[in-house]
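A short write-up of the structure that comes next.
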Amino acid sequence: MTLEIERKFLCTLTREEAIRLSFTSRSIESIYLENTPTSSTRVVKDIHDDGQVICKWTEKRSLDPANLLARNEIEHVMPIKVFDSINSKVYPTVTKHRYLININDSIWEIDFFDDYDFVIAELEFTSIKEADEFVNFPEWIGLEVTN
């Protein structure tokens, strides 16, 4: 189990700007088997630019229901056949395209959703102190939506 420390923001980048700024991208399909305000269990299929496909089982549990900045995360690689056997029509499914952008040695994950009209930028940290003190935001970062 690892501790995921992550802040999330609305983002004003267009897809064209994200493509221009990114060093890699991938398509992601997430099937949510459980999703509450403080925990989630999902299976994820990542299809990378080079064609590589990686499927994972991911569980996230918040440490503090009032603060979703830090969550315990368990993640296991799973066979593609297992992912494909789960009926995405039974469970809520989110599809998106993720672009990774390096700004001042910070790797931003920019998500464009297929079925939603907003863009989310995520940044992971190595400590809560680092996350709390971070102020070096690009101009395309908007309202924080971590919680």
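We name chains A, B, ... following the order of the structure tokens; residues begin at 1 in each chain, and ligands are numbered from 1 as shown.
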Using DSSP on the backbone, list every residue of range 47-100 of chain A that comes out as strand (DSSP E), and give them as JSON, numbers by chain. {"A": [47, 48, 53, 54, 55, 56, 57, 58, 59, 60, 61, 62, 63, 64, 67, 68, 69, 70, 71, 72, 73, 74, 75, 76, 77, 78, 93, 94, 95, 96, 97, 98, 99, 100]}
Shell of 12 Å around Pro79 in chain A, only C-alpha atoms, local chain residues under 2 positions omitted, as number ranges by chain: A: 43-45, 53-57, 76-77, 81-86
Could those selected residues go to a file with C-alpha atoms, as a PDB file, in the first residue's frame?
```
ATOM      1  CA  VAL A  43     -10.353  -1.367 -12.825  1.00  0.00           C
ATOM      2  CA  VAL A  44      -8.398   0.709 -15.316  1.00  0.00           C
ATOM      3  CA  LYS A  45      -7.199   0.106 -18.861  1.00  0.00           C
ATOM      4  CA  VAL A  53      -1.940  -1.760 -22.894  1.00  0.00           C
ATOM      5  CA  ILE A  54      -1.767  -1.997 -19.089  1.00  0.00           C
ATOM      6  CA  CYS A  55      -4.730  -2.959 -16.913  1.00  0.00           C
ATOM      7  CA  LYS A  56      -4.816  -2.380 -13.150  1.00  0.00           C
ATOM      8  CA  TRP A  57      -7.015  -2.973 -10.136  1.00  0.00           C
ATOM      9  CA  HIS A  76      -2.127  -4.337  -8.930  1.00  0.00           C
ATOM     10  CA  VAL A  77      -1.528  -5.095 -12.582  1.00  0.00           C
ATOM     11  CA  LYS A  81      -8.818 -10.511 -20.270  1.00  0.00           C
ATOM     12  CA  VAL A  82     -10.036  -9.882 -16.715  1.00  0.00           C
ATOM     13  CA  PHE A  83     -10.606  -6.180 -17.425  1.00  0.00           C
ATOM     14  CA  ASP A  84     -12.439  -7.009 -20.645  1.00  0.00           C
ATOM     15  CA  SER A  85     -14.683  -9.510 -18.841  1.00  0.00           C
ATOM     16  CA  ILE A  86     -16.166  -6.806 -16.575  1.00  0.00           C
TER      17      ILE A  86
END
```
Would you mind listing what lies within 6 Å of Leu10 in chain A as JSON, numbers by chain, with only C-alpha atoms counted and same-chain residues fewer than 2 positions away left out? {"A": [119, 120, 142, 143]}
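Taking CA of Ser127 in chain A and CA of Glu34 in chain A as the two end points, the separation is 26.7 Å.
Between CA of Met78 in chain A and CA of Leu33 in chain A the separation is 15.0 Å.
Closest approach to Ile128 in chain A among A:Asn67, A:Ser106, A:Thr93, A:Thr38 is made by A:Asn67 (distances from only C-alpha atoms).
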